[in-house]
file coords07.cif (mmCIF, N, CA and C atoms)
data_final
#
loop_
_atom_site.label_atom_id
_atom_site.label_comp_id
_atom_site.auth_asym_id
_atom_site.auth_seq_id
_atom_site.Cartn_x
_atom_site.Cartn_y
_atom_site.Cartn_z
N MET A 95 -42.95 9.54 14.71
CA MET A 95 -42.66 8.15 15.05
C MET A 95 -41.34 7.75 14.39
N ALA A 96 -40.95 6.54 14.68
CA ALA A 96 -39.68 6.03 14.16
C ALA A 96 -39.85 4.58 13.74
N ARG A 97 -38.95 4.13 12.92
CA ARG A 97 -39.03 2.75 12.44
C ARG A 97 -38.08 1.84 13.22
N TRP A 98 -38.42 0.57 13.24
CA TRP A 98 -37.58 -0.47 13.83
C TRP A 98 -36.78 -1.12 12.72
N ILE A 99 -35.59 -1.57 13.06
CA ILE A 99 -34.72 -2.28 12.12
C ILE A 99 -34.50 -3.69 12.67
N ALA A 100 -34.77 -4.69 11.84
CA ALA A 100 -34.57 -6.08 12.25
C ALA A 100 -33.42 -6.69 11.47
N LEU A 101 -32.70 -7.57 12.14
CA LEU A 101 -31.56 -8.24 11.54
C LEU A 101 -31.68 -9.75 11.76
N ASP A 102 -31.61 -10.49 10.67
CA ASP A 102 -31.54 -11.94 10.73
C ASP A 102 -30.10 -12.31 10.41
N PHE A 103 -29.29 -12.39 11.46
CA PHE A 103 -27.85 -12.55 11.32
C PHE A 103 -27.48 -14.00 11.03
N GLY A 104 -26.61 -14.18 10.07
CA GLY A 104 -26.04 -15.48 9.77
C GLY A 104 -24.55 -15.32 9.56
N LYS A 105 -23.83 -16.42 9.55
CA LYS A 105 -22.37 -16.33 9.39
C LYS A 105 -21.99 -15.67 8.07
N ALA A 106 -22.72 -15.96 7.01
CA ALA A 106 -22.38 -15.42 5.69
C ALA A 106 -23.17 -14.16 5.35
N ARG A 107 -24.48 -14.19 5.60
CA ARG A 107 -25.36 -13.09 5.19
C ARG A 107 -26.27 -12.67 6.34
N THR A 108 -26.69 -11.40 6.27
CA THR A 108 -27.63 -10.86 7.25
C THR A 108 -28.79 -10.22 6.50
N GLY A 109 -29.99 -10.70 6.80
CA GLY A 109 -31.19 -10.10 6.24
C GLY A 109 -31.59 -8.89 7.05
N ILE A 110 -32.04 -7.86 6.38
CA ILE A 110 -32.46 -6.62 7.04
C ILE A 110 -33.90 -6.33 6.65
N ALA A 111 -34.69 -5.98 7.66
CA ALA A 111 -36.08 -5.57 7.44
C ALA A 111 -36.32 -4.31 8.26
N VAL A 112 -37.31 -3.54 7.86
CA VAL A 112 -37.66 -2.31 8.58
C VAL A 112 -39.18 -2.21 8.69
N THR A 113 -39.61 -1.41 9.64
CA THR A 113 -41.03 -1.11 9.74
C THR A 113 -41.30 0.21 9.02
N ASP A 114 -42.58 0.48 8.84
CA ASP A 114 -42.97 1.82 8.41
C ASP A 114 -42.74 2.75 9.60
N ASP A 115 -42.90 4.04 9.40
CA ASP A 115 -42.64 5.01 10.46
C ASP A 115 -43.61 4.91 11.64
N HIS A 116 -44.72 4.21 11.47
CA HIS A 116 -45.69 4.05 12.55
C HIS A 116 -45.54 2.70 13.25
N ALA A 117 -44.51 1.94 12.88
CA ALA A 117 -44.21 0.65 13.49
C ALA A 117 -45.39 -0.31 13.44
N MET A 118 -46.04 -0.36 12.28
CA MET A 118 -47.19 -1.24 12.12
C MET A 118 -46.91 -2.39 11.15
N ILE A 119 -46.10 -2.14 10.13
CA ILE A 119 -45.88 -3.12 9.07
C ILE A 119 -44.39 -3.36 8.89
N ALA A 120 -44.01 -4.64 8.87
CA ALA A 120 -42.61 -5.02 8.63
C ALA A 120 -42.43 -5.35 7.16
N SER A 121 -41.35 -4.86 6.58
CA SER A 121 -41.06 -5.12 5.17
C SER A 121 -39.60 -5.52 5.00
N PRO A 122 -39.34 -6.51 4.12
CA PRO A 122 -37.95 -6.87 3.83
C PRO A 122 -37.26 -5.68 3.15
N LEU A 123 -36.01 -5.45 3.48
CA LEU A 123 -35.27 -4.35 2.87
C LEU A 123 -34.16 -4.87 1.96
N GLU A 124 -33.23 -5.61 2.54
CA GLU A 124 -32.10 -6.09 1.75
C GLU A 124 -31.35 -7.17 2.52
N THR A 125 -30.42 -7.79 1.83
CA THR A 125 -29.51 -8.75 2.45
C THR A 125 -28.09 -8.28 2.16
N VAL A 126 -27.27 -8.27 3.20
CA VAL A 126 -25.88 -7.86 3.04
C VAL A 126 -24.97 -8.96 3.57
N ALA A 127 -23.74 -8.94 3.14
CA ALA A 127 -22.75 -9.85 3.71
C ALA A 127 -22.59 -9.51 5.18
N SER A 128 -22.56 -10.51 6.03
CA SER A 128 -22.48 -10.25 7.47
C SER A 128 -21.24 -9.45 7.85
N ARG A 129 -20.16 -9.67 7.14
CA ARG A 129 -18.93 -8.92 7.45
C ARG A 129 -19.09 -7.44 7.10
N ALA A 130 -20.09 -7.09 6.28
CA ALA A 130 -20.30 -5.70 5.86
C ALA A 130 -21.46 -5.02 6.59
N ILE A 131 -22.02 -5.67 7.58
CA ILE A 131 -23.19 -5.11 8.26
C ILE A 131 -22.88 -3.76 8.90
N TRP A 132 -21.66 -3.59 9.40
CA TRP A 132 -21.32 -2.32 10.05
C TRP A 132 -21.04 -1.21 9.04
N ASP A 133 -20.92 -1.55 7.79
CA ASP A 133 -20.83 -0.53 6.74
C ASP A 133 -22.22 0.00 6.42
N ARG A 134 -23.24 -0.83 6.61
CA ARG A 134 -24.60 -0.47 6.23
C ARG A 134 -25.44 0.13 7.37
N LEU A 135 -25.26 -0.40 8.58
CA LEU A 135 -26.12 0.02 9.70
C LEU A 135 -26.11 1.52 10.01
N PRO A 136 -24.97 2.18 10.07
CA PRO A 136 -25.00 3.62 10.40
C PRO A 136 -25.88 4.42 9.44
N ALA A 137 -25.83 4.11 8.17
CA ALA A 137 -26.66 4.84 7.20
C ALA A 137 -28.15 4.56 7.46
N LEU A 138 -28.48 3.32 7.77
CA LEU A 138 -29.89 2.99 8.05
C LEU A 138 -30.41 3.74 9.27
N VAL A 139 -29.59 3.82 10.30
CA VAL A 139 -29.99 4.51 11.53
C VAL A 139 -30.13 6.00 11.29
N GLU A 140 -29.26 6.56 10.47
CA GLU A 140 -29.25 8.00 10.24
C GLU A 140 -30.28 8.48 9.21
N GLU A 141 -30.63 7.64 8.25
CA GLU A 141 -31.49 8.14 7.16
C GLU A 141 -32.92 8.42 7.59
N ARG A 142 -33.42 7.72 8.60
CA ARG A 142 -34.76 7.97 9.13
C ARG A 142 -34.72 7.71 10.63
N PRO A 143 -35.61 8.34 11.40
CA PRO A 143 -35.59 8.09 12.84
C PRO A 143 -35.72 6.59 13.14
N CYS A 144 -34.90 6.13 14.07
CA CYS A 144 -34.84 4.71 14.41
C CYS A 144 -35.37 4.50 15.83
N ALA A 145 -36.33 3.58 15.97
CA ALA A 145 -36.90 3.26 17.28
C ALA A 145 -36.03 2.26 18.03
N GLY A 146 -35.30 1.41 17.31
CA GLY A 146 -34.47 0.40 17.95
C GLY A 146 -34.24 -0.77 17.01
N PHE A 147 -33.68 -1.82 17.57
CA PHE A 147 -33.30 -3.00 16.79
C PHE A 147 -33.99 -4.25 17.30
N VAL A 148 -34.25 -5.16 16.38
CA VAL A 148 -34.80 -6.47 16.71
C VAL A 148 -33.89 -7.50 16.06
N LEU A 149 -33.40 -8.43 16.87
CA LEU A 149 -32.50 -9.47 16.39
C LEU A 149 -33.18 -10.82 16.44
N GLY A 150 -33.01 -11.60 15.40
CA GLY A 150 -33.49 -12.97 15.42
C GLY A 150 -32.64 -13.78 16.38
N ASP A 151 -33.30 -14.54 17.25
CA ASP A 151 -32.62 -15.35 18.26
C ASP A 151 -32.90 -16.82 17.99
N PRO A 152 -31.86 -17.60 17.65
CA PRO A 152 -32.09 -19.01 17.34
C PRO A 152 -32.51 -19.83 18.56
N GLY A 153 -32.35 -19.29 19.77
CA GLY A 153 -32.81 -19.97 20.97
C GLY A 153 -31.88 -21.06 21.47
N GLN A 154 -31.14 -21.68 20.61
CA GLN A 154 -30.19 -22.70 21.03
C GLN A 154 -28.84 -22.36 20.42
N LEU A 155 -27.83 -23.03 20.93
CA LEU A 155 -26.50 -22.77 20.42
C LEU A 155 -26.39 -23.21 18.97
N THR A 156 -26.08 -22.27 18.09
CA THR A 156 -25.87 -22.56 16.68
C THR A 156 -24.53 -21.97 16.27
N ASP A 157 -24.17 -22.17 15.03
CA ASP A 157 -22.89 -21.62 14.57
C ASP A 157 -22.91 -20.10 14.46
N SER A 158 -24.09 -19.48 14.52
CA SER A 158 -24.16 -18.02 14.46
C SER A 158 -24.44 -17.38 15.83
N SER A 159 -24.59 -18.19 16.88
CA SER A 159 -24.92 -17.66 18.21
C SER A 159 -23.91 -16.64 18.72
N ALA A 160 -22.63 -16.96 18.59
CA ALA A 160 -21.60 -16.02 19.06
C ALA A 160 -21.66 -14.72 18.28
N GLY A 161 -21.91 -14.81 16.98
CA GLY A 161 -22.02 -13.61 16.16
C GLY A 161 -23.20 -12.75 16.54
N ILE A 162 -24.31 -13.38 16.90
CA ILE A 162 -25.49 -12.64 17.34
C ILE A 162 -25.22 -11.94 18.66
N ASP A 163 -24.57 -12.64 19.59
CA ASP A 163 -24.22 -12.02 20.87
C ASP A 163 -23.31 -10.82 20.66
N ASP A 164 -22.32 -10.98 19.79
CA ASP A 164 -21.40 -9.89 19.49
C ASP A 164 -22.13 -8.72 18.83
N LEU A 165 -23.02 -9.03 17.90
CA LEU A 165 -23.80 -7.99 17.23
C LEU A 165 -24.63 -7.21 18.24
N GLU A 166 -25.28 -7.91 19.14
CA GLU A 166 -26.11 -7.24 20.16
C GLU A 166 -25.25 -6.30 21.01
N GLN A 167 -24.10 -6.78 21.46
CA GLN A 167 -23.23 -5.94 22.30
C GLN A 167 -22.74 -4.71 21.53
N ARG A 168 -22.38 -4.89 20.29
CA ARG A 168 -21.90 -3.76 19.48
C ARG A 168 -23.01 -2.74 19.21
N LEU A 169 -24.24 -3.23 18.98
CA LEU A 169 -25.37 -2.32 18.78
C LEU A 169 -25.61 -1.49 20.03
N ARG A 170 -25.60 -2.15 21.19
CA ARG A 170 -25.83 -1.45 22.46
C ARG A 170 -24.72 -0.42 22.73
N LYS A 171 -23.51 -0.74 22.34
CA LYS A 171 -22.39 0.18 22.57
C LYS A 171 -22.46 1.37 21.62
N LYS A 172 -22.75 1.11 20.34
CA LYS A 172 -22.76 2.18 19.34
C LYS A 172 -23.97 3.11 19.50
N TRP A 173 -25.14 2.52 19.81
CA TRP A 173 -26.36 3.31 19.98
C TRP A 173 -27.00 3.00 21.33
N PRO A 174 -26.40 3.48 22.43
CA PRO A 174 -26.90 3.12 23.77
C PRO A 174 -28.31 3.64 24.05
N HIS A 175 -28.75 4.62 23.31
CA HIS A 175 -30.09 5.18 23.52
C HIS A 175 -31.18 4.38 22.80
N LEU A 176 -30.80 3.41 21.96
CA LEU A 176 -31.78 2.62 21.22
C LEU A 176 -31.91 1.22 21.84
N PRO A 177 -33.15 0.77 22.06
CA PRO A 177 -33.34 -0.57 22.61
C PRO A 177 -32.98 -1.66 21.60
N VAL A 178 -32.54 -2.79 22.10
CA VAL A 178 -32.23 -3.96 21.28
C VAL A 178 -33.04 -5.12 21.87
N HIS A 179 -33.89 -5.71 21.03
CA HIS A 179 -34.73 -6.83 21.47
C HIS A 179 -34.35 -8.07 20.68
N ARG A 180 -34.50 -9.21 21.33
CA ARG A 180 -34.31 -10.49 20.64
C ARG A 180 -35.67 -11.16 20.51
N VAL A 181 -35.88 -11.78 19.34
CA VAL A 181 -37.15 -12.46 19.06
C VAL A 181 -36.84 -13.86 18.53
N ASP A 182 -37.60 -14.82 18.99
CA ASP A 182 -37.44 -16.20 18.54
C ASP A 182 -37.56 -16.25 17.02
N GLU A 183 -36.56 -16.82 16.39
CA GLU A 183 -36.57 -16.90 14.93
C GLU A 183 -36.91 -18.31 14.44
N SER A 184 -37.44 -19.14 15.31
CA SER A 184 -37.77 -20.52 14.93
C SER A 184 -38.66 -20.56 13.70
N PHE A 185 -38.28 -21.36 12.74
CA PHE A 185 -39.04 -21.64 11.53
C PHE A 185 -39.21 -20.45 10.58
N THR A 186 -38.52 -19.33 10.83
CA THR A 186 -38.71 -18.18 9.94
C THR A 186 -38.17 -18.46 8.54
N SER A 187 -37.12 -19.26 8.43
CA SER A 187 -36.61 -19.58 7.09
C SER A 187 -37.62 -20.40 6.31
N ARG A 188 -38.27 -21.34 6.98
CA ARG A 188 -39.30 -22.14 6.31
C ARG A 188 -40.50 -21.26 5.92
N GLU A 189 -40.89 -20.39 6.84
CA GLU A 189 -42.00 -19.49 6.54
C GLU A 189 -41.65 -18.56 5.40
N ALA A 190 -40.43 -18.09 5.38
CA ALA A 190 -39.98 -17.19 4.31
C ALA A 190 -40.01 -17.93 2.97
N GLN A 191 -39.54 -19.16 2.95
CA GLN A 191 -39.56 -19.97 1.74
C GLN A 191 -40.99 -20.14 1.23
N ALA A 192 -41.91 -20.48 2.14
CA ALA A 192 -43.32 -20.64 1.76
C ALA A 192 -43.90 -19.34 1.23
N SER A 193 -43.52 -18.24 1.85
CA SER A 193 -44.01 -16.92 1.43
C SER A 193 -43.53 -16.59 0.01
N LEU A 194 -42.28 -16.89 -0.28
CA LEU A 194 -41.75 -16.63 -1.61
C LEU A 194 -42.43 -17.49 -2.66
N ILE A 195 -42.72 -18.74 -2.31
CA ILE A 195 -43.43 -19.62 -3.24
C ILE A 195 -44.85 -19.10 -3.48
N GLU A 196 -45.54 -18.77 -2.39
CA GLU A 196 -46.91 -18.24 -2.52
C GLU A 196 -46.94 -16.93 -3.31
N GLY A 197 -45.87 -16.15 -3.18
CA GLY A 197 -45.79 -14.89 -3.90
C GLY A 197 -45.45 -15.06 -5.37
N GLY A 198 -45.19 -16.29 -5.76
CA GLY A 198 -44.95 -16.56 -7.17
C GLY A 198 -43.51 -16.39 -7.63
N MET A 199 -42.58 -16.29 -6.70
CA MET A 199 -41.18 -16.14 -7.10
C MET A 199 -40.68 -17.43 -7.74
N ARG A 200 -40.06 -17.30 -8.88
CA ARG A 200 -39.53 -18.46 -9.59
C ARG A 200 -38.46 -19.17 -8.75
N LYS A 201 -38.36 -20.46 -8.97
CA LYS A 201 -37.41 -21.28 -8.22
C LYS A 201 -35.98 -20.77 -8.40
N SER A 202 -35.64 -20.35 -9.59
CA SER A 202 -34.29 -19.85 -9.85
C SER A 202 -34.00 -18.60 -9.01
N LYS A 203 -34.99 -17.73 -8.83
CA LYS A 203 -34.81 -16.52 -8.02
C LYS A 203 -34.73 -16.87 -6.53
N ARG A 204 -35.53 -17.87 -6.10
CA ARG A 204 -35.51 -18.27 -4.70
C ARG A 204 -34.16 -18.85 -4.31
N ARG A 205 -33.45 -19.42 -5.27
CA ARG A 205 -32.14 -20.02 -4.99
C ARG A 205 -31.03 -18.98 -4.85
N GLU A 206 -31.29 -17.76 -5.28
CA GLU A 206 -30.27 -16.71 -5.17
C GLU A 206 -29.95 -16.48 -3.70
N LYS A 207 -28.67 -16.35 -3.43
CA LYS A 207 -28.25 -16.12 -2.05
C LYS A 207 -28.86 -14.83 -1.53
N GLY A 208 -29.45 -14.91 -0.38
CA GLY A 208 -30.00 -13.73 0.25
C GLY A 208 -31.47 -13.49 0.01
N ALA A 209 -32.07 -14.18 -0.94
CA ALA A 209 -33.50 -13.97 -1.20
C ALA A 209 -34.33 -14.27 0.04
N LEU A 210 -33.93 -15.30 0.75
CA LEU A 210 -34.68 -15.74 1.93
C LEU A 210 -34.39 -14.87 3.16
N ASP A 211 -33.17 -14.38 3.29
CA ASP A 211 -32.73 -13.73 4.53
C ASP A 211 -33.51 -12.46 4.86
N LYS A 212 -33.77 -11.63 3.87
CA LYS A 212 -34.49 -10.39 4.16
C LYS A 212 -35.95 -10.66 4.48
N VAL A 213 -36.53 -11.70 3.88
CA VAL A 213 -37.92 -12.07 4.19
C VAL A 213 -37.99 -12.65 5.60
N ALA A 214 -37.00 -13.47 5.97
CA ALA A 214 -36.95 -14.00 7.33
C ALA A 214 -36.82 -12.86 8.34
N ALA A 215 -36.03 -11.84 8.02
CA ALA A 215 -35.89 -10.68 8.91
C ALA A 215 -37.23 -9.97 9.07
N ALA A 216 -38.00 -9.87 7.99
CA ALA A 216 -39.32 -9.23 8.07
C ALA A 216 -40.27 -10.05 8.94
N LEU A 217 -40.18 -11.37 8.85
CA LEU A 217 -41.02 -12.23 9.69
C LEU A 217 -40.65 -12.08 11.16
N ILE A 218 -39.36 -12.00 11.45
CA ILE A 218 -38.90 -11.78 12.83
C ILE A 218 -39.44 -10.44 13.34
N LEU A 219 -39.34 -9.42 12.52
CA LEU A 219 -39.80 -8.09 12.91
C LEU A 219 -41.31 -8.07 13.11
N GLN A 220 -42.05 -8.76 12.25
CA GLN A 220 -43.50 -8.80 12.41
C GLN A 220 -43.89 -9.54 13.70
N ARG A 221 -43.14 -10.59 14.06
CA ARG A 221 -43.39 -11.27 15.33
C ARG A 221 -43.21 -10.31 16.49
N PHE A 222 -42.17 -9.51 16.41
CA PHE A 222 -41.93 -8.50 17.45
C PHE A 222 -43.11 -7.53 17.54
N LEU A 223 -43.53 -7.03 16.40
CA LEU A 223 -44.65 -6.07 16.39
C LEU A 223 -45.92 -6.71 16.92
N ASP A 224 -46.20 -7.93 16.49
CA ASP A 224 -47.40 -8.62 16.94
C ASP A 224 -47.37 -8.86 18.44
N GLY A 225 -46.20 -9.12 18.98
CA GLY A 225 -46.06 -9.37 20.41
C GLY A 225 -46.13 -8.11 21.25
N HIS A 226 -46.01 -6.97 20.61
CA HIS A 226 -46.01 -5.69 21.33
C HIS A 226 -47.18 -4.80 20.92
N ASP A 227 -48.20 -5.36 20.28
CA ASP A 227 -49.26 -4.49 19.77
C ASP A 227 -50.05 -3.81 20.88
N ALA A 228 -50.03 -4.35 22.09
CA ALA A 228 -50.75 -3.71 23.18
C ALA A 228 -49.88 -2.70 23.92
N LEU A 229 -48.60 -2.68 23.60
CA LEU A 229 -47.68 -1.76 24.27
C LEU A 229 -47.75 -0.36 23.67
N ASP A 230 -47.40 0.58 24.48
CA ASP A 230 -47.22 1.95 23.99
C ASP A 230 -45.79 2.03 23.46
N PHE A 231 -45.63 2.04 22.13
CA PHE A 231 -44.31 2.04 21.54
C PHE A 231 -43.54 3.31 21.90
N SER A 232 -44.22 4.37 22.24
CA SER A 232 -43.49 5.59 22.59
C SER A 232 -42.64 5.35 23.83
N ALA A 233 -43.07 4.45 24.72
CA ALA A 233 -42.27 4.14 25.90
C ALA A 233 -40.98 3.43 25.49
N LEU A 234 -41.05 2.62 24.45
CA LEU A 234 -39.85 1.92 23.98
C LEU A 234 -38.91 2.87 23.25
N ASN A 235 -39.44 3.97 22.77
CA ASN A 235 -38.63 4.91 21.99
C ASN A 235 -37.94 5.95 22.85
N ARG A 236 -38.31 6.03 24.12
CA ARG A 236 -37.68 7.04 24.97
C ARG A 236 -36.21 6.70 25.21
N PRO A 237 -35.36 7.71 25.25
CA PRO A 237 -33.95 7.45 25.54
C PRO A 237 -33.80 6.85 26.94
N ARG A 238 -32.85 5.96 27.06
CA ARG A 238 -32.57 5.39 28.36
C ARG A 238 -31.80 6.40 29.20
N PRO A 239 -32.07 6.42 30.51
CA PRO A 239 -31.29 7.34 31.35
C PRO A 239 -29.82 6.93 31.38
N LYS A 240 -28.96 7.91 31.45
CA LYS A 240 -27.52 7.62 31.51
C LYS A 240 -27.17 7.15 32.91
N ARG A 241 -26.25 6.20 32.97
CA ARG A 241 -25.85 5.66 34.29
C ARG A 241 -24.53 6.23 34.69
#

call {"tool": "encode", "arguments": {"input": "coords07.cif", "output": "structure tokens"}}
result
Amino acid sequence: MARWIALDFGKARTGIAVTDDHAMIASPLETVASRAIWDRLPALVEERPCAGFVLGDPGQLTDSSAGIDDLEQRLRKKWPHLPVHRVDESFTSREAQASLIEGGMRKSKRREKGALDKVAAALILQRFLDGHDALDFSALNRPRPKR
């Protein structure tokens, strides 16, 4: 099996989350500067088999919408054999904040830049997994035919 990589893209920072190799559990991985995402992604794709990408979709025009569109196009161009899905990211930042509070993270740690972004990415990825639990993920992992 292979893992999925989720990205919660923002103008300044991008949260990254991954699944386990069986695509059952989403976990926060890290937060990187958005301008450095292309320095990090190739290593993530190469270090373990990758099933595809999941992008948080704000659903409405925001200041990061153009960046998300660009990111999606670049992902499709760089890895044409990997699917790219968009998932509604509504309220994931609030849910991430609540999760950090429930987990006992101190307020000073929660204020650190990026603490929220990787958790929001994990929530986006878990939404994707929950929405596809009846699907055969192996079908999503098959290479696309060349055109």

call {"tool": "atom_distance", "arguments": {"input": "coords07.cif", "atom1": "atom C of Pro152 of chain A", "atom2": "atom CA of Ile119 of chain A"}}
result
23.4 Å

call {"tool": "closest_residue", "arguments": {"input": "coords07.cif", "among": "A:Leu223, A:Ala215, A:Leu138, A:Leu176", "to": "Pro122 of chain A", "atoms": "only N, CA and C atoms"}}
result
A:Ala215

call {"tool": "residues_around", "arguments": {"input": "coords07.cif", "residues": "Asp211 of chain A", "least_positions_apart": "6", "cutoff": "8 Å", "atoms": "only C-alpha atoms", "output": "PyMOL selection string"}}
result
chain A and resi 102+107-110+125+187

call {"tool": "resolve_selection", "arguments": {"input": "coords07.cif", "expression": "the PyMOL selection byres ((chain A and resi 100) around 7)", "output": "ChimeraX atom specification"}}
result
/A:98-99,101-102,109-113,146-150,215-216,218-219

call {"tool": "atom_distance", "arguments": {"input": "coords07.cif", "atom1": "atom CA of Met118 of chain A", "atom2": "atom CA of Ala214 of chain A"}}
result
17.0 Å
